[in-house]
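K.L.:
I'd like to ask some things about the structure below.
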Amino acid sequence: MSTQIHIAAALLIGPDGRTLLVRKRGTEAFMQPGGKIEPHELPVHALARELEEELGLDIDPVQAVYLGHFSAPAANEPGFVVHAEIFQLHIDVDVTPAAEIEEVLWIDPATDGGVTLAPLTRDLILPFYRASLTAIA
């Protein structure tokens, strides 16, 4: 059995610079929205499908900026490693939790939002976003 999970996930940025995190039903950790890449899918198309299923968010894959490949221990599957293709998108629309998503939360990327974060979000994606903000400033 493979202990690797391949996903596409989004660093969704709102107009105020906050980022959107999601929490799956029955779990504690908040993470980037997204999901598993099917064998026949390009990562950006998997991302578009997952965002529509989980948040009712219809994105144009062309607008998704590829940030890179990130890996970290899986938050909800002990012993597994998440390999994530991360894309950045700026959105200015409301989202609604659907499918397995129980809660959405906008946080200031300079903080942890006062919630439990998935290792990928806590250790890699938020620090990456923070560094990009200081590089611009």
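Identifiers for the structure tokens are assigned positionally: chains receive A, B, ... in sequence, residues are indexed from 1 per chain, and ligands are indexed from 1 in the order shown.
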Go through stretch 28-74 of chain A and flag each residue having an atom no more than 8 Å from stretch 10-15 of chain A; for those, report the closest pair of atoms plus their distance in Å to one decimal, using only C-alpha atoms, ordered by chain and rising number, as JSON lines.
P.N.:
```
{"residue": "A:Gln32", "atom": "CA", "partner": "A:Ala10", "partner_atom": "CA", "distance": 5.8}
{"residue": "A:Pro33", "atom": "CA", "partner": "A:Ala10", "partner_atom": "CA", "distance": 5.7}
{"residue": "A:Gly34", "atom": "CA", "partner": "A:Ala10", "partner_atom": "CA", "distance": 6.2}
{"residue": "A:Leu47", "atom": "CA", "partner": "A:Ala10", "partner_atom": "CA", "distance": 7.3}
```
K.L.:
Just list as an MDAnalysis selection string whatever in stretch 13-127 of chain A DSSP marks as strand (DSSP E or B).
P.N.:
chainID A and resid 13 19:24 30:31 34:36 65:73 81:90 101:107 117
K.L.:
Could you check the closest approach to A:Pro127 for each of A:Phe70, A:Glu102, A:Ala8, A:Asn76 and tell me which residue wins, using only C-alpha atoms?
P.N.:
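The shortest atom-to-atom distance to A:Pro127 comes from A:Phe70.
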K.L.:
Got a sec: who's within 9 Å of A:Thr3, counting only C-alpha atoms, leaving out chain neighbours fewer than 4 positions off, as a PDB file with C-alpha atoms, in the first residue's frame?
P.N.:
```
ATOM      1  CA  GLY A  79       1.953   7.447   8.468  1.00  0.00           C
ATOM      2  CA  PHE A  80       1.100   9.097   5.129  1.00  0.00           C
ATOM      3  CA  VAL A  81       2.912  11.925   3.351  1.00  0.00           C
ATOM      4  CA  VAL A  82       1.049  14.519   1.303  1.00  0.00           C
TER       5      VAL A  82
END
```
K.L.:
Using only C-alpha atoms, determine which residues lie at most 10 Å from stretch 58-63 of chain A, disregarding the query and same-chain residues fewer than 6 positions distant; provide the list as number ranges by chain.
P.N.:
A: 43-52, 87-91, 93, 95
K.L.:
Let me see the file: selected residues, C-alpha atoms, as a tab-separated table (two decimals), in the first residue's frame.
P.N.:
```tsv
chain	number	residue	atom	x	y	z
A	43	PRO	CA	-3.13	19.04	-11.20
A	44	VAL	CA	-4.76	22.37	-12.11
A	45	HIS	CA	-7.86	20.56	-13.41
A	46	ALA	CA	-8.05	18.47	-10.23
A	47	LEU	CA	-7.86	21.73	-8.28
A	48	ALA	CA	-10.72	23.27	-10.27
A	49	ARG	CA	-12.85	20.15	-9.73
A	50	GLU	CA	-12.14	20.00	-6.00
A	51	LEU	CA	-12.79	23.71	-5.42
A	52	GLU	CA	-16.14	23.41	-7.15
A	87	PHE	CA	-1.56	27.01	-6.88
A	88	GLN	CA	-2.32	30.58	-5.85
A	89	LEU	CA	-5.64	32.21	-6.70
A	90	HIS	CA	-7.10	35.56	-5.78
A	91	ILE	CA	-10.84	35.43	-5.19
A	93	VAL	CA	-16.57	35.76	-3.92
A	95	VAL	CA	-17.66	30.28	-0.63
```
K.L.:
For atom CA of A:Tyr129 and atom CA of A:Ala110, quote the distance in Å rounded to one decimal.
P.N.:
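Rounded to one decimal, the two atoms are 9.0 Å apart.
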K.L.:
Could you state the separation of atom CA of A:Pro119 and atom CA of A:Pro39 in Å, given to one decimal place?
P.N.:
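For atom CA of A:Pro119 relative to atom CA of A:Pro39, the distance reads 24.9 Å.
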K.L.:
Neighbours of A:Val115 within 10 Å (only C-alpha atoms; same-chain residues fewer than 2 positions away dropped), as a list of chain:residue names?
P.N.:
A:Glu28, A:Ala29, A:Phe30, A:Leu105, A:Ile107, A:Thr111, A:Asp112, A:Gly113, A:Leu117, A:Ala118
K.L.:
Residues of chain A classed as alpha helix (DSSP H) by DSSP on the backbone are to be reported as a ChimeraX atom specification.
P.N.:
/A:43-55,119,126-136
K.L.:
Store the residues of this selection in a file with N, CA and C atoms, as a PDB file, in the first residue's frame.
P.N.:
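So the final result, stored in again-v3.pdb, reads:
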```pdb
ATOM      1  N   PRO A  43      -2.904  18.486 -12.541  1.00  0.00           N
ATOM      2  CA  PRO A  43      -3.130  19.039 -11.203  1.00  0.00           C
ATOM      3  C   PRO A  43      -4.061  20.250 -11.177  1.00  0.00           C
ATOM      4  N   VAL A  44      -3.915  21.171 -12.118  1.00  0.00           N
ATOM      5  CA  VAL A  44      -4.761  22.365 -12.108  1.00  0.00           C
ATOM      6  C   VAL A  44      -6.225  22.019 -12.374  1.00  0.00           C
ATOM      7  N   HIS A  45      -6.477  20.980 -13.161  1.00  0.00           N
ATOM      8  CA  HIS A  45      -7.861  20.558 -13.406  1.00  0.00           C
ATOM      9  C   HIS A  45      -8.436  19.848 -12.186  1.00  0.00           C
ATOM     10  N   ALA A  46      -7.608  19.089 -11.486  1.00  0.00           N
ATOM     11  CA  ALA A  46      -8.045  18.475 -10.227  1.00  0.00           C
ATOM     12  C   ALA A  46      -8.404  19.571  -9.225  1.00  0.00           C
ATOM     13  N   LEU A  47      -7.587  20.615  -9.181  1.00  0.00           N
ATOM     14  CA  LEU A  47      -7.862  21.728  -8.278  1.00  0.00           C
ATOM     15  C   LEU A  47      -9.206  22.376  -8.602  1.00  0.00           C
ATOM     16  N   ALA A  48      -9.451  22.653  -9.868  1.00  0.00           N
ATOM     17  CA  ALA A  48     -10.720  23.274 -10.268  1.00  0.00           C
ATOM     18  C   ALA A  48     -11.895  22.389  -9.865  1.00  0.00           C
ATOM     19  N   ARG A  49     -11.777  21.088 -10.088  1.00  0.00           N
ATOM     20  CA  ARG A  49     -12.852  20.152  -9.730  1.00  0.00           C
ATOM     21  C   ARG A  49     -13.082  20.148  -8.226  1.00  0.00           C
ATOM     22  N   GLU A  50     -12.014  20.056  -7.461  1.00  0.00           N
ATOM     23  CA  GLU A  50     -12.136  20.001  -6.001  1.00  0.00           C
ATOM     24  C   GLU A  50     -12.702  21.297  -5.415  1.00  0.00           C
ATOM     25  N   LEU A  51     -12.271  22.446  -5.931  1.00  0.00           N
ATOM     26  CA  LEU A  51     -12.790  23.713  -5.415  1.00  0.00           C
ATOM     27  C   LEU A  51     -14.277  23.858  -5.693  1.00  0.00           C
ATOM     28  N   GLU A  52     -14.711  23.356  -6.838  1.00  0.00           N
ATOM     29  CA  GLU A  52     -16.142  23.411  -7.150  1.00  0.00           C
ATOM     30  C   GLU A  52     -16.920  22.463  -6.237  1.00  0.00           C
ATOM     31  N   GLU A  53     -16.398  21.245  -6.042  1.00  0.00           N
ATOM     32  CA  GLU A  53     -17.077  20.259  -5.198  1.00  0.00           C
ATOM     33  C   GLU A  53     -17.116  20.683  -3.732  1.00  0.00           C
ATOM     34  N   GLU A  54     -15.997  21.213  -3.217  1.00  0.00           N
ATOM     35  CA  GLU A  54     -15.876  21.501  -1.789  1.00  0.00           C
ATOM     36  C   GLU A  54     -16.403  22.873  -1.378  1.00  0.00           C
ATOM     37  N   LEU A  55     -16.341  23.844  -2.310  1.00  0.00           N
ATOM     38  CA  LEU A  55     -16.659  25.222  -1.928  1.00  0.00           C
ATOM     39  C   LEU A  55     -17.646  25.912  -2.862  1.00  0.00           C
ATOM     40  N   PRO A 119       0.109  20.128   8.966  1.00  0.00           N
ATOM     41  CA  PRO A 119       1.543  20.382   8.801  1.00  0.00           C
ATOM     42  C   PRO A 119       1.903  21.091   7.488  1.00  0.00           C
ATOM     43  N   LEU A 126       1.935  28.567   4.634  1.00  0.00           N
ATOM     44  CA  LEU A 126       1.855  29.893   5.251  1.00  0.00           C
ATOM     45  C   LEU A 126       3.226  30.578   5.319  1.00  0.00           C
ATOM     46  N   PRO A 127       4.298  29.869   5.707  1.00  0.00           N
ATOM     47  CA  PRO A 127       5.615  30.530   5.666  1.00  0.00           C
ATOM     48  C   PRO A 127       6.006  30.989   4.253  1.00  0.00           C
ATOM     49  N   PHE A 128       5.666  30.192   3.250  1.00  0.00           N
ATOM     50  CA  PHE A 128       5.944  30.566   1.862  1.00  0.00           C
ATOM     51  C   PHE A 128       5.200  31.850   1.510  1.00  0.00           C
ATOM     52  N   TYR A 129       3.921  31.923   1.871  1.00  0.00           N
ATOM     53  CA  TYR A 129       3.109  33.110   1.587  1.00  0.00           C
ATOM     54  C   TYR A 129       3.654  34.327   2.337  1.00  0.00           C
ATOM     55  N   ARG A 130       4.001  34.145   3.617  1.00  0.00           N
ATOM     56  CA  ARG A 130       4.563  35.254   4.399  1.00  0.00           C
ATOM     57  C   ARG A 130       5.849  35.784   3.757  1.00  0.00           C
ATOM     58  N   ALA A 131       6.715  34.876   3.319  1.00  0.00           N
ATOM     59  CA  ALA A 131       7.972  35.284   2.681  1.00  0.00           C
ATOM     60  C   ALA A 131       7.708  36.047   1.385  1.00  0.00           C
ATOM     61  N   SER A 132       6.695  35.640   0.645  1.00  0.00           N
ATOM     62  CA  SER A 132       6.378  36.351  -0.601  1.00  0.00           C
ATOM     63  C   SER A 132       5.876  37.747  -0.305  1.00  0.00           C
ATOM     64  N   LEU A 133       5.170  37.921   0.812  1.00  0.00           N
ATOM     65  CA  LEU A 133       4.665  39.248   1.185  1.00  0.00           C
ATOM     66  C   LEU A 133       5.811  40.175   1.593  1.00  0.00           C
ATOM     67  N   THR A 134       6.804  39.633   2.311  1.00  0.00           N
ATOM     68  CA  THR A 134       7.919  40.481   2.728  1.00  0.00           C
ATOM     69  C   THR A 134       8.833  40.800   1.546  1.00  0.00           C
ATOM     70  N   ALA A 135       8.885  39.910   0.562  1.00  0.00           N
ATOM     71  CA  ALA A 135       9.702  40.167  -0.625  1.00  0.00           C
ATOM     72  C   ALA A 135       9.104  41.311  -1.454  1.00  0.00           C
ATOM     73  N   ILE A 136       7.779  41.444  -1.405  1.00  0.00           N
ATOM     74  CA  ILE A 136       7.098  42.499  -2.149  1.00  0.00           C
ATOM     75  C   ILE A 136       7.240  43.837  -1.432  1.00  0.00           C
TER      76      ILE A 136
END
```
